[in-house]
Structures are given as C-alpha cells and as structure tokens.
$ cat upload34.pdb   # PDB, C-alpha atoms (C1' of nucleotides)
MODEL        1
ATOM      1  CA  MET A   1     -12.208  -2.159   6.843
ATOM      2  CA  PRO A   2     -12.592   1.017   4.913
ATOM      3  CA  GLU A   3     -14.690   1.152   1.792
ATOM      4  CA  LEU A   4     -15.678   4.312  -0.050
ATOM      5  CA  PRO A   5     -17.929   5.696   2.700
ATOM      6  CA  GLU A   6     -15.316   5.216   5.416
ATOM      7  CA  VAL A   7     -12.621   6.817   3.290
ATOM      8  CA  GLU A   8     -14.884   9.722   2.409
ATOM      9  CA  VAL A   9     -15.957  10.179   6.015
ATOM     10  CA  THR A  10     -12.298  10.200   6.995
ATOM     11  CA  ARG A  11     -11.566  12.815   4.360
ATOM     12  CA  LEU A  12     -14.424  15.039   5.484
ATOM     13  CA  SER A  13     -13.249  14.805   9.080
ATOM     14  CA  PHE A  14      -9.887  16.485   8.497
ATOM     15  CA  ALA A  15      -9.664  18.038   5.022
ATOM     16  CA  ASP A  16     -10.701  21.506   6.128
ATOM     17  CA  ARG A  17      -8.545  21.429   9.213
ATOM     18  CA  ILE A  18      -5.362  20.451   7.415
ATOM     19  CA  ALA A  19      -5.795  22.653   4.341
ATOM     20  CA  GLY A  20      -3.133  25.349   4.287
ATOM     21  CA  ALA A  21      -0.905  23.626   6.845
ATOM     22  CA  HIS A  22       2.869  23.606   6.510
ATOM     23  CA  ILE A  23       4.698  20.337   7.039
ATOM     24  CA  LEU A  24       7.085  20.507  10.005
ATOM     25  CA  SER A  25       8.305  16.909  10.217
ATOM     26  CA  VAL A  26       7.517  13.419   8.985
ATOM     27  CA  ARG A  27       8.181  10.118  10.700
ATOM     28  CA  MET A  28       7.806   6.704   9.097
ATOM     29  CA  GLY A  29       7.712   3.783  11.507
ATOM     30  CA  LYS A  30       7.436   0.177  10.462
ATOM     31  CA  SER A  31       7.081  -0.145   6.754
ATOM     32  CA  LEU A  32       3.620  -0.176   5.281
ATOM     33  CA  ARG A  33       2.697  -1.830   2.021
ATOM     34  CA  TRP A  34       5.222   0.222   0.064
ATOM     35  CA  PRO A  35       8.053   2.576   0.966
ATOM     36  CA  LEU A  36       7.256   6.288   1.098
ATOM     37  CA  GLN A  37       9.301   6.659  -2.099
ATOM     38  CA  CYS A  38      10.755   9.915  -0.856
ATOM     39  CA  ASP A  39      13.057  11.106   1.902
ATOM     40  CA  PRO A  40      10.707  12.199   4.715
ATOM     41  CA  ALA A  41      12.900  15.226   5.322
ATOM     42  CA  ALA A  42      12.263  16.380   1.769
ATOM     43  CA  LEU A  43       8.618  16.983   2.643
ATOM     44  CA  VAL A  44       9.415  19.523   5.341
ATOM     45  CA  GLY A  45       8.338  23.001   4.334
ATOM     46  CA  ARG A  46       5.788  21.886   1.797
ATOM     47  CA  GLN A  47       2.229  23.025   2.197
ATOM     48  CA  VAL A  48      -1.023  21.062   2.165
ATOM     49  CA  ILE A  49      -3.464  22.482  -0.339
ATOM     50  CA  THR A  50      -6.422  20.130  -0.186
ATOM     51  CA  VAL A  51      -7.479  16.520   0.333
ATOM     52  CA  ARG A  52      -9.316  14.636  -2.398
ATOM     53  CA  ARG A  53     -10.509  11.058  -2.748
ATOM     54  CA  ARG A  54     -10.324   8.660  -5.684
ATOM     55  CA  GLY A  55     -11.841   5.271  -5.027
ATOM     56  CA  LYS A  56     -10.456   4.200  -1.675
ATOM     57  CA  TYR A  57      -7.375   6.388  -2.009
ATOM     58  CA  LEU A  58      -6.978   9.755  -0.354
ATOM     59  CA  ILE A  59      -4.928  12.245  -2.311
ATOM     60  CA  VAL A  60      -3.324  14.929  -0.183
ATOM     61  CA  ASP A  61      -2.386  17.666  -2.618
ATOM     62  CA  LEU A  62       0.751  19.535  -1.631
ATOM     63  CA  ASN A  63       2.123  22.679  -3.208
ATOM     64  CA  VAL A  64       4.795  20.314  -4.518
ATOM     65  CA  GLY A  65       3.641  16.760  -5.210
ATOM     66  CA  HIS A  66       0.961  14.644  -3.566
ATOM     67  CA  LEU A  67       0.619  12.134  -0.767
ATOM     68  CA  LEU A  68      -1.393   9.041  -1.668
ATOM     69  CA  VAL A  69      -2.919   7.433   1.405
ATOM     70  CA  HIS A  70      -4.656   4.061   1.453
ATOM     71  CA  LEU A  71      -6.168   2.589   4.599
ATOM     72  CA  GLY A  72      -5.936  -1.035   3.512
ATOM     73  CA  MET A  73      -7.963  -3.381   5.704
ATOM     74  CA  SER A  74      -7.250  -1.993   9.126
ATOM     75  CA  GLY A  75      -5.974   1.542   8.720
ATOM     76  CA  SER A  76      -7.377   4.705  10.224
ATOM     77  CA  LEU A  77      -6.198   8.285  10.232
ATOM     78  CA  SER A  78      -6.173  10.713  13.117
ATOM     79  CA  PHE A  79      -5.671  14.432  12.860
ATOM     80  CA  GLY A  80      -5.305  16.607  15.926
ATOM     81  CA  THR A  81      -3.150  18.910  17.956
ATOM     82  CA  GLU A  82      -2.821  16.688  20.986
ATOM     83  CA  LEU A  83      -2.400  13.138  19.786
ATOM     84  CA  PRO A  84      -0.969  10.669  22.296
ATOM     85  CA  PRO A  85       2.604   9.408  21.827
ATOM     86  CA  ALA A  86       2.993   7.109  18.834
ATOM     87  CA  GLY A  87       1.929   3.552  19.621
ATOM     88  CA  ARG A  88       2.786   0.138  18.271
ATOM     89  CA  HIS A  89       0.702   0.452  15.128
ATOM     90  CA  ASP A  90       1.231   4.102  14.326
ATOM     91  CA  HIS A  91       3.332   3.839  11.201
ATOM     92  CA  PHE A  92       3.178   7.332   9.775
ATOM     93  CA  ASP A  93       3.197  10.660  11.576
ATOM     94  CA  MET A  94       3.222  14.040   9.915
ATOM     95  CA  GLN A  95       3.522  17.090  12.107
ATOM     96  CA  THR A  96       2.093  20.235  10.540
ATOM     97  CA  SER A  97       1.530  23.826  11.588
ATOM     98  CA  GLN A  98      -2.149  22.972  12.113
ATOM     99  CA  GLY A  99      -1.957  19.566  13.723
ATOM    100  CA  GLN A 100      -0.608  16.093  13.420
ATOM    101  CA  LEU A 101      -1.734  13.551  10.830
ATOM    102  CA  ARG A 102      -1.250   9.943  11.873
ATOM    103  CA  LEU A 103      -1.913   6.593  10.235
ATOM    104  CA  ASN A 104      -2.612   3.686  12.556
ATOM    105  CA  ASP A 105      -2.688   0.341  10.775
ATOM    106  CA  PRO A 106      -2.258  -2.969  12.643
ATOM    107  CA  ARG A 107      -2.198  -5.150   9.540
ATOM    108  CA  ARG A 108      -0.031  -2.798   7.485
ATOM    109  CA  PHE A 109      -1.921  -3.336   4.241
ATOM    110  CA  GLY A 110      -2.243   0.414   4.070
ATOM    111  CA  ALA A 111       0.123   2.799   2.370
ATOM    112  CA  VAL A 112       1.435   6.323   2.249
ATOM    113  CA  VAL A 113       3.310   7.137  -0.924
ATOM    114  CA  VAL A 114       4.687  10.389  -2.278
ATOM    115  CA  VAL A 115       4.211  11.093  -5.982
ATOM    116  CA  SER A 116       5.340  14.064  -8.011
ATOM    117  CA  GLY A 117       2.136  14.511  -9.992
ATOM    118  CA  GLU A 118      -0.586  12.753 -11.881
ATOM    119  CA  GLU A 119       1.877  11.616 -14.532
ATOM    120  CA  ASP A 120       4.072   9.947 -11.939
ATOM    121  CA  PRO A 121       4.363   6.219 -12.770
ATOM    122  CA  THR A 122       3.262   5.272  -9.271
ATOM    123  CA  PHE A 123       0.205   7.492  -9.497
ATOM    124  CA  LEU A 124      -0.706   5.929 -12.836
ATOM    125  CA  LYS A 125      -0.068   2.411 -11.595
ATOM    126  CA  LEU A 126      -2.292   2.802  -8.547
ATOM    127  CA  LEU A 127      -5.028   5.092  -9.820
ATOM    128  CA  GLY A 128      -4.803   4.799 -13.580
ATOM    129  CA  LYS A 129      -7.131   1.841 -14.056
ATOM    130  CA  LEU A 130      -9.782   2.690 -11.530
ATOM    131  CA  GLY A 131     -13.414   2.588 -12.599
ATOM    132  CA  MET A 132     -16.080   5.255 -12.286
ATOM    133  CA  GLU A 133     -16.740   7.209  -9.103
ATOM    134  CA  PRO A 134     -20.167   5.970  -8.005
ATOM    135  CA  LEU A 135     -21.270   9.296  -6.540
ATOM    136  CA  SER A 136     -20.139  11.420  -9.464
ATOM    137  CA  ASP A 137     -22.109  12.491 -12.512
ATOM    138  CA  ASP A 138     -19.826  10.353 -14.680
ATOM    139  CA  PHE A 139     -21.480   7.295 -13.256
ATOM    140  CA  THR A 140     -24.640   6.713 -15.261
ATOM    141  CA  VAL A 141     -26.906   3.716 -15.684
ATOM    142  CA  GLN A 142     -25.853   3.477 -19.307
ATOM    143  CA  ARG A 143     -22.128   3.447 -18.610
ATOM    144  CA  PHE A 144     -22.612   1.026 -15.764
ATOM    145  CA  GLN A 145     -24.484  -1.306 -18.079
ATOM    146  CA  LEU A 146     -21.753  -0.961 -20.698
ATOM    147  CA  GLY A 147     -19.118  -1.856 -18.112
ATOM    148  CA  LEU A 148     -21.010  -4.924 -16.953
ATOM    149  CA  LYS A 149     -21.716  -6.104 -20.496
ATOM    150  CA  ARG A 150     -18.167  -7.212 -21.117
ATOM    151  CA  ARG A 151     -17.753  -9.076 -17.848
ATOM    152  CA  LYS A 152     -18.986 -12.589 -17.392
ATOM    153  CA  ALA A 153     -17.570 -13.049 -13.907
ATOM    154  CA  PRO A 154     -20.004 -13.100 -10.968
ATOM    155  CA  ILE A 155     -21.428  -9.631 -10.346
ATOM    156  CA  LYS A 156     -20.177  -9.582  -6.747
ATOM    157  CA  GLN A 157     -16.594  -9.999  -7.912
ATOM    158  CA  VAL A 158     -16.970  -7.464 -10.701
ATOM    159  CA  LEU A 159     -18.175  -4.907  -8.160
ATOM    160  CA  LEU A 160     -15.242  -5.686  -5.860
ATOM    161  CA  ALA A 161     -12.666  -5.526  -8.647
ATOM    162  CA  GLY A 162     -13.121  -1.767  -8.929
ATOM    163  CA  ASP A 163     -12.429  -1.422 -12.617
ATOM    164  CA  VAL A 164     -16.054  -0.747 -13.525
ATOM    165  CA  VAL A 165     -17.072   1.212 -10.452
ATOM    166  CA  VAL A 166     -14.825   2.011  -7.485
ATOM    167  CA  GLY A 167     -15.348   2.089  -3.756
ATOM    168  CA  VAL A 168     -17.727  -0.827  -3.314
ATOM    169  CA  GLY A 169     -16.042  -3.241  -0.945
ATOM    170  CA  ASN A 170     -17.106  -6.482   0.642
ATOM    171  CA  ILE A 171     -19.821  -5.102   2.908
ATOM    172  CA  TYR A 172     -21.482  -2.772   0.453
ATOM    173  CA  ALA A 173     -21.306  -5.281  -2.408
ATOM    174  CA  SER A 174     -23.415  -7.781  -0.480
ATOM    175  CA  GLU A 175     -25.764  -5.040   0.692
ATOM    176  CA  ALA A 176     -26.253  -3.507  -2.749
ATOM    177  CA  LEU A 177     -26.972  -6.865  -4.374
ATOM    178  CA  PHE A 178     -29.493  -7.651  -1.656
ATOM    179  CA  ARG A 179     -31.262  -4.348  -2.191
ATOM    180  CA  ALA A 180     -31.331  -4.990  -5.932
ATOM    181  CA  GLY A 181     -32.519  -8.584  -5.575
ATOM    182  CA  ILE A 182     -29.615 -10.007  -7.559
ATOM    183  CA  ARG A 183     -27.844 -13.272  -6.742
ATOM    184  CA  PRO A 184     -24.140 -12.491  -6.113
ATOM    185  CA  THR A 185     -23.067 -15.386  -8.337
ATOM    186  CA  ARG A 186     -24.965 -14.070 -11.363
ATOM    187  CA  SER A 187     -22.732 -13.335 -14.362
ATOM    188  CA  ALA A 188     -22.476  -9.580 -14.709
ATOM    189  CA  ASN A 189     -23.212  -9.606 -18.421
ATOM    190  CA  THR A 190     -26.501 -11.447 -18.082
ATOM    191  CA  ILE A 191     -28.224  -8.965 -15.814
ATOM    192  CA  GLY A 192     -31.104  -7.266 -17.580
ATOM    193  CA  GLN A 193     -31.323  -3.534 -18.133
ATOM    194  CA  GLN A 194     -34.010  -3.076 -15.514
ATOM    195  CA  ARG A 195     -32.005  -4.884 -12.872
ATOM    196  CA  VAL A 196     -28.838  -3.005 -13.728
ATOM    197  CA  ALA A 197     -30.734   0.242 -13.213
ATOM    198  CA  ILE A 198     -31.991  -0.953  -9.847
ATOM    199  CA  LEU A 199     -28.494  -2.019  -8.827
ATOM    200  CA  TYR A 200     -27.123   1.327  -9.957
ATOM    201  CA  HIS A 201     -29.531   3.211  -7.715
ATOM    202  CA  ALA A 202     -28.945   0.767  -4.867
ATOM    203  CA  ILE A 203     -25.209   1.404  -4.980
ATOM    204  CA  ARG A 204     -25.591   5.160  -5.035
ATOM    205  CA  SER A 205     -28.156   5.415  -2.281
ATOM    206  CA  LEU A 206     -26.357   2.879  -0.123
ATOM    207  CA  LEU A 207     -23.036   4.710  -0.320
ATOM    208  CA  GLU A 208     -24.684   8.078   0.231
ATOM    209  CA  GLN A 209     -26.535   6.811   3.266
ATOM    210  CA  ALA A 210     -23.394   5.221   4.645
ATOM    211  CA  VAL A 211     -21.489   8.499   4.343
ATOM    212  CA  GLN A 212     -24.387  10.250   6.089
ATOM    213  CA  ALA A 213     -24.182   7.682   8.882
ATOM    214  CA  GLY A 214     -20.476   8.292   9.371
ATOM    215  CA  GLY A 215     -19.506   4.986   7.778
ATOM    216  CA  THR A 216     -19.691   1.435   9.084
ATOM    217  CA  THR A 217     -17.836   0.554  12.260
ATOM    218  CA  LEU A 218     -17.665  -3.206  12.518
ATOM    219  CA  ARG A 219     -14.846  -3.416  14.978
ATOM    220  CA  ASP A 220     -12.606  -0.398  14.960
ATOM    221  CA  PHE A 221     -13.254   2.148  12.229
ATOM    222  CA  SER A 222     -13.210   5.781  13.287
ATOM    223  CA  ASN A 223     -12.737   8.996  11.372
ATOM    224  CA  ALA A 224      -9.827  11.406  11.799
ATOM    225  CA  GLN A 225     -11.521  12.943  14.827
ATOM    226  CA  GLY A 226     -12.030   9.578  16.454
ATOM    227  CA  ALA A 227     -15.778   9.302  15.826
ATOM    228  CA  THR A 228     -17.195   5.896  14.926
ATOM    229  CA  GLY A 229     -19.884   5.280  12.289
ATOM    230  CA  HIS A 230     -23.258   3.656  12.708
ATOM    231  CA  PHE A 231     -24.231   2.365   9.285
ATOM    232  CA  GLN A 232     -23.745  -1.184  10.578
ATOM    233  CA  LEU A 233     -27.188  -0.722  12.139
ATOM    234  CA  GLN A 234     -28.627  -0.518   8.639
ATOM    235  CA  THR A 235     -26.897  -3.500   7.061
ATOM    236  CA  GLN A 236     -29.329  -6.222   6.144
ATOM    237  CA  VAL A 237     -27.294  -9.266   5.146
ATOM    238  CA  TYR A 238     -23.584  -8.694   5.767
ATOM    239  CA  ALA A 239     -22.280 -10.970   8.521
ATOM    240  CA  ARG A 240     -25.809 -12.140   9.260
ATOM    241  CA  GLU A 241     -25.544 -15.775   8.216
ATOM    242  CA  GLY A 242     -28.415 -17.822   9.617
ATOM    243  CA  GLN A 243     -30.418 -14.805  10.681
ATOM    244  CA  PRO A 244     -33.823 -14.144   9.142
ATOM    245  CA  CYS A 245     -33.951 -11.984   6.037
ATOM    246  CA  PRO A 246     -35.441  -8.616   7.055
ATOM    247  CA  VAL A 247     -37.759  -8.757   4.045
ATOM    248  CA  CYS A 248     -38.967 -12.367   3.768
ATOM    249  CA  GLY A 249     -37.686 -14.124   6.856
ATOM    250  CA  SER A 250     -35.638 -16.787   5.068
ATOM    251  CA  ARG A 251     -32.263 -17.640   6.540
ATOM    252  CA  ILE A 252     -29.418 -15.509   5.211
ATOM    253  CA  ARG A 253     -26.760 -17.607   3.533
ATOM    254  CA  ALA A 254     -22.980 -17.203   3.333
ATOM    255  CA  ILE A 255     -20.743 -18.365   0.490
ATOM    256  CA  ARG A 256     -17.123 -17.765  -0.532
ATOM    257  CA  GLN A 257     -16.273 -15.905  -3.713
ATOM    258  CA  GLY A 258     -12.643 -15.202  -4.506
ATOM    259  CA  GLN A 259     -11.551 -15.829  -0.922
ATOM    260  CA  ARG A 260     -14.048 -13.298   0.416
ATOM    261  CA  SER A 261     -17.333 -14.052   2.112
ATOM    262  CA  THR A 262     -20.601 -13.073   0.485
ATOM    263  CA  PHE A 263     -23.990 -12.906   2.192
ATOM    264  CA  PHE A 264     -27.376 -13.049   0.507
ATOM    265  CA  CYS A 265     -31.001 -14.057   0.869
ATOM    266  CA  PRO A 266     -31.729 -17.136  -1.269
ATOM    267  CA  VAL A 267     -35.335 -16.094  -1.728
ATOM    268  CA  CYS A 268     -35.128 -12.331  -2.315
ATOM    269  CA  GLN A 269     -32.105 -12.839  -4.527
ATOM    270  CA  LYS A 270     -33.486 -15.678  -6.635
ATOM    271  CA  SER A 271     -31.132 -15.075  -9.538
TER
ATOM    272  C1'  DA B   1      -8.479  -8.942 -22.182
ATOM    273  C1'  DA B   2     -10.416 -11.188 -18.420
ATOM    274  C1'  DA B   3     -10.467 -14.387 -14.621
ATOM    275  C1'  DA B   4      -8.612 -16.944 -10.822
ATOM    276  C1'  DG B   5      -5.161 -17.548  -7.082
ATOM    277  C1'  DC B   6      -1.665 -15.973  -4.084
ATOM    278  C1'  DC B   7       0.123 -13.090  -0.937
ATOM    279  C1'  DC B   8       1.256  -9.155   2.113
ATOM    280  C1'  DC B   9       0.357  -8.702   7.962
ATOM    281  C1'  DT B  10      -1.579  -8.718  12.770
ATOM    282  C1'  DG B  11      -5.078  -9.758  16.056
ATOM    283  C1'  DG B  12      -9.280 -11.691  17.718
ATOM    284  C1'  DA B  13     -12.396 -15.618  18.090
ATOM    285  C1'  DT B  14     -12.977 -20.440  18.297
ATOM    286  C1'  DG B  15     -11.860 -25.188  19.133
ATOM    287  C1'  DC B  16      -9.092 -28.980  21.047
TER
ATOM    288  C1'  DT C   1      -3.469 -21.745  29.912
ATOM    289  C1'  DG C   2      -1.482 -23.101  25.505
ATOM    290  C1'  DC C   3      -1.510 -23.918  20.786
ATOM    291  C1'  DA C   4      -3.491 -24.502  16.145
ATOM    292  C1'  DT C   5      -6.704 -22.884  12.896
ATOM    293  C1'  DC C   6      -9.609 -19.753  10.661
ATOM    294  C1'  DC C   7     -11.275 -15.344   9.671
ATOM    295  C1'  DA C   8     -11.211 -10.158   8.807
ATOM    296  C1'  DG C   9     -13.748  -4.056   5.823
ATOM    297  C1'  DG C  10      -8.123  -4.494   0.158
ATOM    298  C1'  DG C  11      -5.789  -4.925  -3.836
ATOM    299  C1'  DG C  12      -1.452  -5.527  -6.507
ATOM    300  C1'  DC C  13       0.870  -9.139  -8.851
ATOM    301  C1'  DT C  14       1.459 -13.442 -11.318
ATOM    302  C1'  DT C  15      -0.333 -17.148 -13.680
ATOM    303  C1'  DT C  16      -3.860 -19.277 -16.548
TER
ENDMDL
END
$ encode --input "upload34.pdb" --output "structure tokens"
Amino acid sequence: MPELPEVEVTRLSFADRIAGAHILSVRMGKSLRWPLQCDPAALVGRQVITVRRRGKYLIVDLNVGHLLVHLGMSGSLSFGTELPPAGRHDHFDMQTSQGQLRLNDPRRFGAVVVVSGEEDPTFLKLLGKLGMEPLSDDFTVQRFQLGLKRRKAPIKQVLLAGDVVVGVGNIYASEALFRAGIRPTRSANTIGQQRVAILYHAIRSLLEQAVQAGGTTLRDFSNAQGATGHFQLQTQVYAREGQPCPVCGSRIRAIRQGQRSTFFCPVCQKS
DNA sequence: AAAAGCCCCTGGATGC
DNA sequence: TGCATCCAGGGGCTTT
C-alpha cells in the first residue's frame, strides 16, 4: 500500500503533533514482521523529538534511541487523543502525553523496531543500503544515470529494488515509466541519457504531486488523521489493463515482473 | 556483485 | 452458501 508519498503524507499528518510528547505506555499486540527488540516498558518516560522519513521507513527520534516504523503493504498509522479501543488489527499502541500513536496492519508485513542509534546493527541492516532520496538534492540526473549504468535488469525492477533510488513502489514505477515513455522491461543500463533525464523528472514530479494530493488511496490508505488521498484520480496506467491509454487510446497492457504486476501502454512505451 | 525466487500474512474478489 | 484460487500498494533472505 504505502509508497514514498503515502509514508511522507503520514509523517506530515502527525509529526508536529507528536513532537515533544512523553511516552506514557506502549502495547504490542500480535507480532509484526519483527519483534520490537526492546521491552515496551523501557520506552516509558522517553520523549519524542521529531519524525523523519528514509525511503518508506519512518524514523521517530526519541531523546534516547529511535523507533523505526514501516507500513508494509497494509499498514496505516493513527495519531489522536480519542482513538477507539484497539481492534483486531491494531498491533502497536503508544500512549503519549500528546496523544496516542497506533499502527493498524491487517497483513502484518509492517514493523515497529527500537534501535539505539544510527550505528545500531538493525538500523544499518534496514536502512544502510538504501538508494538516493528522490526528492532530495542528492538525487541528480547524473547520479541516477550512474546508478542505472551498472544494472542490466529491467528498469521497472531496478526502480522497485530501492538501491538506486528509494520510495518508488509498484504504482509509481508503472506511472513514472509511462510518463517517460519507457518500456518497463527495458534493461536499465541501455536507456539513453535523454530518456534517463526524462525519467528522473517524471519520478520527481510524480512523487511531489502525489504528496500534494495526499497520497494514493486504492482501497484503504489514510494518513494519521484518517484522511484519504486522491492521487489515484491522476494515475494513467496502474490497474487499468484493457482501458484506453489516455494519450494514444491503445489498450493498456499488464505483465508480471518479479511476482508483481506492471502496467504500460505498448504504443507510448515502444521500448 | 547482481539477479531471481521465496516467503511472511490477511482479506477481498472471482469462479465453480 | 461453501470452498478453492488468485491477487494485493513491500522487502528481507536465500539461492543461483
């Protein structure tokens, strides 16, 4: 469910409200992808400083240590002072002096993990090999090109892998390649400089627009205040197999790449 | 080093 | 209505 825009929108929807809060209690329900790696009681009394994002991870900086939060495929956070009683899929609840932070995640691919710092082995394992942040100044056409040069796998899968650029998930990968006119099966290292530049700008503008739109809500995404996104109204190929291409009218096609579906226009994305 | 598969888990949609 | 099958926005891990 959540790609970079959804994670960023989630962050923006509660970061200011939780900053400065003191942790009063922590409850872990059914296990998520990994154990918390810390006694919940040990978090009591710590203070939330800020909330950052790296790729699709949220990093909740505490005065002592950090909370790494990942939404997986079906996770969503809520933050509020009057949340309903914990339900079946609420697997993490953190009561603070400024409200309650809750992770709801039916599929439990998500995670909440406590790390001591940025040298913590878990922090390094999860975040250490991530690629460039697409909306940061580090991400340049030149570096993007350099990253793609040494990959001969299909461009769609290189984008998804997250070791060149982070945050582009299954929806935005198809959308970006459509906007750039590149066939998803094209080997990353064979894309010409001009095309790489176009793809670079497509990725940036797409993600920026999606954040502006509050993210994409396909079935159940909502931010920490419960608001849904509306970028799905601007998607052009994702989940539109058989429908006419918005540019040329050809039928949108669907293929499988690495057990994920990919959508593209066979005419606009010739190669 | 890079690429390809497998798997974690639940729920909704579809088909018989 | 019941049951089987497939699919879903991610990504770490193991094997080639």
$ atom_distance --input "upload34.pdb" --atom1 "atom CA of A:Glu208" --atom2 "atom CA of A:Leu135"
7.7 Å
$ atom_distance --input "upload34.pdb" --atom1 "atom CA of A:Tyr238" --atom2 "atom CA of A:Arg195"
20.8 Å
$ closest_residue --input "upload34.pdb" --among "A:Gly20, A:Gly72, A:Pro84, A:Gly131" --to "chain C" --atoms "all atoms listed in the file"
A:Gly72
$ interface_residues --input "upload34.pdb" --of "chain C" --to "chain A" --cutoff "10 Å" --atoms "all atoms listed in the file" --output "ChimeraX atom specification"
/C:7-12
$ closest_residue --input "upload34.pdb" --among "A:Pro106, A:Gly80, A:Gly147, A:Gly29" --to "B:DC9" --atoms "all atoms listed in the file"
A:Pro106
$ interface_residues --input "upload34.pdb" --of "chain B" --to "chain A" --cutoff "8 Å" --atoms "all atoms listed in the file" --output "MDAnalysis selection string"
chainID B and resid 2:4 8:10
$ residues_around --input "upload34.pdb" --residues "B:DA13" --least-positions-apart "2" --cutoff "10 Å" --atoms "only C-alpha atoms (C1' of nucleotides)" --output "JSON, numbers by chain"
{"B": [11, 15], "C": [6, 7]}
$ residues_around --input "upload34.pdb" --residues "A:Ala213" --least-positions-apart "3" --cutoff "12 Å" --atoms "all atoms listed in the file" --output "list in words"
Pro5, Glu6, Glu8, Val9, Leu206, Leu207, Glu208, Gln209, Ala210, Thr216, Thr217, Ser222, Asn223, Ala227, Thr228, Gly229, His230, Phe231, Gln232, Leu233, Gln234 and Thr235 of chain A
$ atom_distance --input "upload34.pdb" --atom1 "atom CA of A:Leu127" --atom2 "atom CA of A:Arg46"
23.1 Å
$ closest_residue --input "upload34.pdb" --among "A:Ile191, A:Met132, A:Cys245, A:Ile59" --to "A:Phe178" --atoms "only C-alpha atoms"
A:Cys245
$ residues_near_point --input "upload34.pdb" --point "(-20.6, -16.9, -9.4)" --cutoff "12 Å" --atoms "only C-alpha atoms (C1' of nucleotides)" --output "PyMOL selection string"
(chain A and resi 151-158+182-190+255-258+262+271) or (chain B and resi 3)
$ residues_around --input "upload34.pdb" --residues "B:DC6" --least-positions-apart "6" --cutoff "10 Å" --atoms "all atoms listed in the file" --output "list in words"
DC13, DT14 and DT15 of chain C
$ axis_aligned_box --input "upload34.pdb" --around "chain B" --padding-each-side "3 Å" --output "lines of an AutoDock Vina configuration file"
center_x = -5.9
center_y = -18.8
center_z = -0.6
size_x = 20.2
size_y = 26.3
size_z = 49.2
$ residues_around --input "upload34.pdb" --residues "A:Leu199" --least-positions-apart "6" --cutoff "10 Å" --atoms "all atoms listed in the file" --output "ChimeraX atom specification"
/A:141,144,176-182,191,193,205
$ resolve_selection --input "upload34.pdb" --expression "the PyMOL selection byres ((chain B and resi 16) around 12)" --output "ChimeraX atom specification"
/B:14-15 /C:2-5
$ resolve_selection --input "upload34.pdb" --expression "the PyMOL selection byres ((chain A and resi 78) around 12)" --output "VMD selection string"
chain A and resid 10 to 11 13 to 15 17 to 18 71 75 to 77 79 to 84 86 90 to 95 99 to 105 221 to 227
$ write_last_selection --input "upload34.pdb" --atoms "C-alpha atoms" --output "tab-separated table (two decimals), in the coordinates of the input"
chain	number	residue	atom	x	y	z
A	10	THR	CA	-12.30	10.20	7.00
A	11	ARG	CA	-11.57	12.82	4.36
A	13	SER	CA	-13.25	14.80	9.08
A	14	PHE	CA	-9.89	16.48	8.50
A	15	ALA	CA	-9.66	18.04	5.02
A	17	ARG	CA	-8.54	21.43	9.21
A	18	ILE	CA	-5.36	20.45	7.42
A	71	LEU	CA	-6.17	2.59	4.60
A	75	GLY	CA	-5.97	1.54	8.72
A	76	SER	CA	-7.38	4.70	10.22
A	77	LEU	CA	-6.20	8.28	10.23
A	79	PHE	CA	-5.67	14.43	12.86
A	80	GLY	CA	-5.30	16.61	15.93
A	81	THR	CA	-3.15	18.91	17.96
A	82	GLU	CA	-2.82	16.69	20.99
A	83	LEU	CA	-2.40	13.14	19.79
A	84	PRO	CA	-0.97	10.67	22.30
A	86	ALA	CA	2.99	7.11	18.83
A	90	ASP	CA	1.23	4.10	14.33
A	91	HIS	CA	3.33	3.84	11.20
A	92	PHE	CA	3.18	7.33	9.78
A	93	ASP	CA	3.20	10.66	11.58
A	94	MET	CA	3.22	14.04	9.91
A	95	GLN	CA	3.52	17.09	12.11
A	99	GLY	CA	-1.96	19.57	13.72
A	100	GLN	CA	-0.61	16.09	13.42
A	101	LEU	CA	-1.73	13.55	10.83
A	102	ARG	CA	-1.25	9.94	11.87
A	103	LEU	CA	-1.91	6.59	10.24
A	104	ASN	CA	-2.61	3.69	12.56
A	105	ASP	CA	-2.69	0.34	10.78
A	221	PHE	CA	-13.25	2.15	12.23
A	222	SER	CA	-13.21	5.78	13.29
A	223	ASN	CA	-12.74	9.00	11.37
A	224	ALA	CA	-9.83	11.41	11.80
A	225	GLN	CA	-11.52	12.94	14.83
A	226	GLY	CA	-12.03	9.58	16.45
A	227	ALA	CA	-15.78	9.30	15.83
$ resolve_selection --input "upload34.pdb" --expression "the PyMOL selection byres ((chain A and resi 68) around 10)" --output "PDB file with C-alpha atoms, in the coordinates of the input"
ATOM      1  CA  LEU A  36       7.256   6.288   1.098  1.00  0.00           C
ATOM      2  CA  VAL A  51      -7.479  16.520   0.333  1.00  0.00           C
ATOM      3  CA  ARG A  52      -9.316  14.636  -2.398  1.00  0.00           C
ATOM      4  CA  ARG A  53     -10.509  11.058  -2.748  1.00  0.00           C
ATOM      5  CA  ARG A  54     -10.324   8.660  -5.684  1.00  0.00           C
ATOM      6  CA  TYR A  57      -7.375   6.388  -2.009  1.00  0.00           C
ATOM      7  CA  LEU A  58      -6.978   9.755  -0.354  1.00  0.00           C
ATOM      8  CA  ILE A  59      -4.928  12.245  -2.311  1.00  0.00           C
ATOM      9  CA  VAL A  60      -3.324  14.929  -0.183  1.00  0.00           C
ATOM     10  CA  ASP A  61      -2.386  17.666  -2.618  1.00  0.00           C
ATOM     11  CA  GLY A  65       3.641  16.760  -5.210  1.00  0.00           C
ATOM     12  CA  HIS A  66       0.961  14.644  -3.566  1.00  0.00           C
ATOM     13  CA  LEU A  67       0.619  12.134  -0.767  1.00  0.00           C
ATOM     14  CA  VAL A  69      -2.919   7.433   1.405  1.00  0.00           C
ATOM     15  CA  HIS A  70      -4.656   4.061   1.453  1.00  0.00           C
ATOM     16  CA  ALA A 111       0.123   2.799   2.370  1.00  0.00           C
ATOM     17  CA  VAL A 112       1.435   6.323   2.249  1.00  0.00           C
ATOM     18  CA  VAL A 113       3.310   7.137  -0.924  1.00  0.00           C
ATOM     19  CA  VAL A 114       4.687  10.389  -2.278  1.00  0.00           C
ATOM     20  CA  VAL A 115       4.211  11.093  -5.982  1.00  0.00           C
ATOM     21  CA  THR A 122       3.262   5.272  -9.271  1.00  0.00           C
ATOM     22  CA  PHE A 123       0.205   7.492  -9.497  1.00  0.00           C
ATOM     23  CA  LEU A 126      -2.292   2.802  -8.547  1.00  0.00           C
ATOM     24  CA  LEU A 127      -5.028   5.092  -9.820  1.00  0.00           C
TER      25      LEU A 127
END
$ decode --input "upload34.pdb" --residues "stretch 4-16 of chain B" --atoms "C-alpha atoms (C1' of nucleotides)" --output "compact mmCIF listing (two decimals), in the first residue's frame"
# COMPACT_ATOMS: atom_id res chain seq x y z
C1' DA B 4 15.81 -14.27 -9.48
C1' DG B 5 12.66 -16.75 -6.28
C1' DC B 6 10.55 -17.50 -1.96
C1' DC B 7 8.19 -16.18 1.79
C1' DC B 8 5.95 -13.63 5.61
C1' DC B 9 0.15 -12.67 6.44
C1' DT B 10 -4.87 -11.49 5.95
C1' DG B 11 -8.82 -10.23 3.31
C1' DG B 12 -11.42 -9.31 -0.75
C1' DA B 13 -12.86 -10.65 -5.38
C1' DT B 14 -13.83 -14.20 -8.55
C1' DG B 15 -15.11 -18.69 -10.19
C1' DC B 16 -17.03 -23.36 -9.75
